[in-house]
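Structure, as structure tokens:
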Amino acid sequence: MKPSIPKGTRDFSSLEIAKRNFIFSTIKKVFEKYGYQPIETPAIENLETLTGKYGDEGDKLIFKILNSGNVLERLKIQNSDFQIKDISEKALRYDLTVPFARYVVQHQNEITFPFKRYQIQPVWRADRPQKGRYREFYQCDADVIGSNSLLNEVELVQIMNEVYGLLGISVLIKINNRKILHGIAEIIGEKEKVIDITTGIDKLDKIGVDGVCKELKDKGISDEAIQKLRPLISFQGNESEKLSMLKQLLVDSALGKRGIEELETVFNFINSNMPGSNNCQIDFTLARGLNYYTGCIFEVKANEVQIGSICGGGRYDDLTGIFGLPDVSGVGISFGIDRIYDVMDELKIFDKQEGFKYFSCFTKVLFVHFGEAERNFCVSLASTFRAQNISTEIYPDLVKIKKQFDYANKKQIPFVIIIGTEEMQSGKLSIKNMQTGEQEKLSPEEIIMKLSKV
């Protein structure tokens with residue numbers, strides 16, 4: 001049988017892991033600079049924890065785990081109607097936000113509110129694989145829960161802006177407010193269909209205005225309501241013009257007006273605290289399909305690569321209420337690590353990043369030798385180098401020196417130390433820079449000092 005992996009999953013080589021770890025490290029440093037602390041939750045959650053939180057379409061993408069034992073055989077014997085819980089009680093997590101809400105409720109007496117956490121772990125979705133869309137992928141989340149302040153939204157925008165600046169990706173940060181979307185549903189006379197409307201609008205980039213209108217009609221939205229909505233989702237203008245239009249449109253919606261006020265507050269803070277930043281944009285067609293969002297919502301798009309959103313998030317007012325802790329508001333963002341990786345790879349950004357050299361170099365120095373005595377001489381030297389936190393290898397086999405150098409080149413090891421009879425007798429070691437070809441003789445102490453600075 002030819003070996004393979006499931007569609008929508010990937011193997012990662014050492015170099016690819018180094019690239020991903022570089023992204024993780026960059027984001028972690030920014031998170032921690034803003035006071036966020038790490039947690040982890042299990043890959044498997046109870047199915048009832050996850051269902052009903054992501055909308056009907058999201059629930060269909062949850063990877064369910066078959067109960068242990070001969071479940072299907074037992075059901076065949078019974079030959080009776082059964083529910084999902086009869087064959088599956090657990091599932092792979094769909095995102096990190098819902099498990100985080102469950103974590104907060106379970107550990108509420110151990111944590112200090114407002115609680116700022118970050119989490120970097122894989123998630124799974126039974127989606128149709130395509131470019132930038134995988135069935136197994138990493139998310140990198142930051143959430144603050146237990147605070148209603150809009151300063152948290154402003155901080156998250158600052159974090160997004162700083163992270164993408166450090167990674168060298170030009171982005172557009174789109175911001176909207178779910179209260180505005182509720183207000184729009186209200187004034188077009190379809191208040192009860194707000195989830196259908198937001199789910200439809202959320203597909204605007206993929207299927208266009210006509211596609212959205214067709215989908216809304218298929219879901220039972222009236223032609224009159226769709227005609228009122230069409231000019232809104234087609235509107236073009238600057239931030240001031242968008243807000244002015246919204247204020248006129250939602251003048252009779254108290255919830256919609258509150259959404260506009262929150263959006264204005266966030267933008268005023270951004271304009272006064274992020275001078276010169278012109279990559280933030282109000283987009284009132286931004287919907288974010290998840291049911292639990294209630295306030296500001298965010299989405300980040302890469303400017304130079306055609307790919308889906310590379311970060312998203314928003315405010316949720318009562319997600320913990322589902323698990324028994326009501327009226328605890330939170331807000332968070334999630335970086336799509338795999339899409340960020342694809343963007344950086346396509347634009348060859350890793351090659352331009354000075355800081356990436358550290359992550360791509362797992363082994364800093366290789367000891368090569370001319371025979372058994374010379375190889376054995378390397379063992380204590382390698383231990384000395386490793387004791388100084390210098391990643392070190394010894395070529396293990398007795399082969400020609402050329403093959404040992406080929407090994408160093410293929411693994412992109414930057415330095416090689418050559419051990420022969422002369423080096424053993426003099427104590428001066430020949431070290432070669434594999435990038436420049438420069439070679440010199442130095443004592444072990446001098447080499448350690450040199451490599452510690454690289």
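By convention in this document, the chains of the structure tokens carry letters A, B, ... by their order, each chain's residues are numbered from 1, and ligands are numbered from 1 in the order they are shown.
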
Quiz item: Which of stretch 34-177 of chain A counts as strand (DSSP E or B) under DSSP, as JSON, numbers by chain please?
Solution: {"A": [37, 38, 44, 45, 46, 64, 65, 90, 91, 92, 115, 116, 117, 118, 119, 120, 121, 122, 123, 124, 130, 133, 136, 137, 138, 139, 140, 141, 142, 143, 144, 145, 171, 172, 173, 174, 175, 176, 177]}

Serialized selection, C-alpha atoms, as a PDB file, in the first residue's frame:
ATOM      1  CA  GLN A  37      -0.115  34.247  29.845  1.00  0.00           C
ATOM      2  CA  PRO A  38      -0.136  30.775  28.219  1.00  0.00           C
ATOM      3  CA  ILE A  44     -10.593  16.285  22.640  1.00  0.00           C
ATOM      4  CA  GLU A  45     -13.645  18.039  24.106  1.00  0.00           C
ATOM      5  CA  ASN A  46     -17.079  16.710  24.977  1.00  0.00           C
ATOM      6  CA  LYS A  64     -16.749  13.757  15.818  1.00  0.00           C
ATOM      7  CA  ILE A  65     -15.033  10.815  17.513  1.00  0.00           C
ATOM      8  CA  LYS A  90     -16.537  13.521  22.062  1.00  0.00           C
ATOM      9  CA  ALA A  91     -14.988  15.595  19.275  1.00  0.00           C
ATOM     10  CA  LEU A  92     -11.748  17.241  18.195  1.00  0.00           C
ATOM     11  CA  PHE A 115      -7.839  37.145  32.722  1.00  0.00           C
ATOM     12  CA  LYS A 116      -5.459  37.555  29.762  1.00  0.00           C
ATOM     13  CA  ARG A 117      -4.411  34.283  28.160  1.00  0.00           C
ATOM     14  CA  TYR A 118      -2.761  33.128  24.970  1.00  0.00           C
ATOM     15  CA  GLN A 119      -2.922  29.626  23.516  1.00  0.00           C
ATOM     16  CA  ILE A 120      -1.064  28.029  20.589  1.00  0.00           C
ATOM     17  CA  GLN A 121      -2.423  24.604  19.644  1.00  0.00           C
ATOM     18  CA  PRO A 122      -3.828  22.724  16.636  1.00  0.00           C
ATOM     19  CA  VAL A 123      -7.549  22.605  15.782  1.00  0.00           C
ATOM     20  CA  TRP A 124      -9.492  20.395  13.371  1.00  0.00           C
ATOM     21  CA  GLN A 130      -8.172  24.070  -0.751  1.00  0.00           C
ATOM     22  CA  ARG A 133      -7.795  25.889   4.070  1.00  0.00           C
ATOM     23  CA  GLU A 136      -5.710  20.280  10.716  1.00  0.00           C
ATOM     24  CA  PHE A 137      -4.080  23.612  11.460  1.00  0.00           C
ATOM     25  CA  TYR A 138      -2.664  25.705  14.275  1.00  0.00           C
ATOM     26  CA  GLN A 139      -4.383  28.664  15.863  1.00  0.00           C
ATOM     27  CA  CYS A 140      -2.641  31.219  17.991  1.00  0.00           C
ATOM     28  CA  ASP A 141      -5.178  32.968  20.237  1.00  0.00           C
ATOM     29  CA  ALA A 142      -5.109  35.866  22.666  1.00  0.00           C
ATOM     30  CA  ASP A 143      -8.200  36.623  24.780  1.00  0.00           C
ATOM     31  CA  VAL A 144      -8.999  38.839  27.736  1.00  0.00           C
ATOM     32  CA  ILE A 145     -12.105  37.901  29.707  1.00  0.00           C
ATOM     33  CA  VAL A 171      -1.970  43.707   5.930  1.00  0.00           C
ATOM     34  CA  LEU A 172      -5.398  45.336   6.063  1.00  0.00           C
ATOM     35  CA  ILE A 173      -7.164  45.142   9.453  1.00  0.00           C
ATOM     36  CA  LYS A 174     -10.955  45.234   8.974  1.00  0.00           C
ATOM     37  CA  ILE A 175     -13.192  46.170  11.909  1.00  0.00           C
ATOM     38  CA  ASN A 176     -16.965  46.064  12.376  1.00  0.00           C
ATOM     39  CA  ASN A 177     -19.463  45.590  15.220  1.00  0.00           C
TER      40      ASN A 177
END

Within 9 Å of A:Ile197, counting only C-alpha atoms, which residues qualify if same-chain residues fewer than 4 places away don't, as a short mmCIF file (atom, residue, chain, number, x, y, z; two decimals) with all heavy atoms, in the first residue's frame?
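selection-v7.cif was written with the following content:
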data_model
loop_
_atom_site.label_atom_id
_atom_site.label_comp_id
_atom_site.auth_asym_id
_atom_site.auth_seq_id
_atom_site.Cartn_x
_atom_site.Cartn_y
_atom_site.Cartn_z
N LEU A 181 -24.74 45.01 12.76
CA LEU A 181 -25.40 44.02 11.91
C LEU A 181 -26.80 43.69 12.43
O LEU A 181 -27.74 43.52 11.65
CB LEU A 181 -24.54 42.76 11.83
CG LEU A 181 -23.20 42.94 11.10
CD1 LEU A 181 -22.30 41.73 11.33
CD2 LEU A 181 -23.42 43.17 9.62
N ALA A 185 -30.37 44.31 10.45
CA ALA A 185 -31.45 43.30 10.35
C ALA A 185 -32.76 43.87 10.86
O ALA A 185 -33.85 43.61 10.31
CB ALA A 185 -31.06 42.05 11.14
N GLU A 190 -36.11 42.29 9.27
CA GLU A 190 -35.81 40.85 9.39
C GLU A 190 -35.03 40.58 10.67
O GLU A 190 -34.04 39.85 10.68
CB GLU A 190 -35.01 40.37 8.16
CG GLU A 190 -35.76 40.45 6.86
CD GLU A 190 -36.81 39.35 6.70
OE1 GLU A 190 -36.94 38.51 7.63
OE2 GLU A 190 -37.47 39.30 5.65
N LYS A 193 -34.04 37.09 11.61
CA LYS A 193 -33.19 36.36 10.67
C LYS A 193 -31.75 36.88 10.70
O LYS A 193 -31.00 36.71 9.73
CB LYS A 193 -33.74 36.52 9.25
CG LYS A 193 -35.12 35.94 9.05
CD LYS A 193 -35.04 34.52 8.53
CE LYS A 193 -36.41 34.02 8.10
NZ LYS A 193 -36.33 32.67 7.51
N ILE A 201 -23.83 37.62 4.55
CA ILE A 201 -22.92 38.76 4.32
C ILE A 201 -21.46 38.34 4.48
O ILE A 201 -20.57 38.82 3.78
CB ILE A 201 -23.26 39.92 5.28
CG1 ILE A 201 -24.62 40.54 4.92
CG2 ILE A 201 -22.19 41.01 5.24
CD1 ILE A 201 -25.08 41.62 5.89
N ASP A 202 -21.22 37.38 5.39
CA ASP A 202 -19.86 36.91 5.65
C ASP A 202 -19.21 36.29 4.41
O ASP A 202 -17.99 36.18 4.32
CB ASP A 202 -19.88 35.89 6.79
CG ASP A 202 -18.51 35.67 7.41
OD1 ASP A 202 -17.79 36.66 7.60
OD2 ASP A 202 -18.17 34.51 7.70
N VAL A 212 -24.69 36.81 -2.51
CA VAL A 212 -25.22 37.01 -1.16
C VAL A 212 -26.73 37.18 -1.21
O VAL A 212 -27.47 36.56 -0.42
CB VAL A 212 -24.56 38.22 -0.47
CG1 VAL A 212 -25.29 38.58 0.82
CG2 VAL A 212 -23.09 37.95 -0.19
N LEU A 216 -29.52 34.82 0.58
CA LEU A 216 -30.48 35.35 1.55
C LEU A 216 -31.92 35.03 1.13
O LEU A 216 -32.76 34.69 1.96
CB LEU A 216 -30.30 36.86 1.70
CG LEU A 216 -28.96 37.31 2.34
CD1 LEU A 216 -28.90 38.83 2.41
CD2 LEU A 216 -28.78 36.71 3.73
N LYS A 219 -32.84 31.59 1.92
CA LYS A 219 -33.05 31.37 3.36
C LYS A 219 -34.33 32.05 3.86
O LYS A 219 -34.57 32.12 5.06
CB LYS A 219 -31.85 31.89 4.15
CG LYS A 219 -30.60 31.01 3.96
CD LYS A 219 -29.46 31.45 4.84
CE LYS A 219 -28.28 30.51 4.70
NZ LYS A 219 -27.15 30.88 5.58
N ILE A 221 -35.35 35.32 3.31
CA ILE A 221 -35.35 36.79 3.49
C ILE A 221 -36.19 37.40 2.36
O ILE A 221 -36.03 37.04 1.19
CB ILE A 221 -33.91 37.35 3.45
CG1 ILE A 221 -32.99 36.58 4.41
CG2 ILE A 221 -33.91 38.84 3.77
CD1 ILE A 221 -33.33 36.68 5.86
N ALA A 287 -18.78 40.18 8.84
CA ALA A 287 -19.78 39.58 9.72
C ALA A 287 -19.19 38.57 10.69
O ALA A 287 -19.64 38.47 11.82
CB ALA A 287 -20.87 38.91 8.88
#

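All residues of protein, DNA or RNA that reach within 9 Å of A:Leu347, judged by only C-alpha atoms and not counting those fewer than 6 positions away in the chain, are Ile169, Glu304 and Val305 of chain A.
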
Export, as a tab-separated table (two decimals), in the first residue's frame, the selected residues with C-alpha atoms.
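The resulting file, result.tsv, is shown below:
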chain	number	residue	atom	x	y	z
A	169	ILE	CA	3.60	41.14	6.10
A	304	GLU	CA	0.07	40.91	-1.45
A	305	VAL	CA	-1.29	37.34	-1.53

Practice problem: Mind the document's chain letters and residue numbers, and return as JSON, numbers by chain the residues of stretch 114-334 of chain A that DSSP labels alpha helix (DSSP H). | Solution: {"A": [151, 152, 153, 154, 155, 156, 157, 158, 159, 160, 161, 162, 163, 164, 165, 166, 167, 178, 179, 180, 181, 182, 183, 184, 185, 186, 187, 194, 195, 196, 197, 198, 199, 200, 201, 204, 205, 206, 207, 208, 209, 210, 211, 212, 213, 214, 215, 216, 217, 218, 223, 224, 225, 226, 227, 228, 229, 230, 231, 232, 233, 234, 239, 240, 241, 242, 243, 244, 245, 246, 247, 248, 249, 254, 255, 256, 257, 258, 259, 260, 261, 262, 263, 264, 265, 266, 267, 268, 269, 270, 271, 272, 273]}

Exercise. Excluding A:Lys247 and any residue of its chain fewer than 5 positions from it, enumerate the residues within 12 Å of it, using only C-alpha atoms, and give them as JSON, numbers by chain.
Key: {"A": [180, 183, 184, 240, 241, 242, 252, 253, 254, 255, 256, 257, 258, 259, 260, 261, 263, 264]}

Practice problem: Excluding A:Ile270 and any residue of its chain fewer than 3 positions from it, enumerate the residues within 10 Å of it, using only C-alpha atoms, and give them as a PyMOL selection string. | Solution: chain A and resi 151+153-155+157-158+264-267+273-275+277-278+280

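When only C-alpha atoms are used to compute distances to A:Asn152, the closest of the residues A:Ile5, A:Ile333, A:Leu249, A:Ile188 turns out to be A:Ile333.
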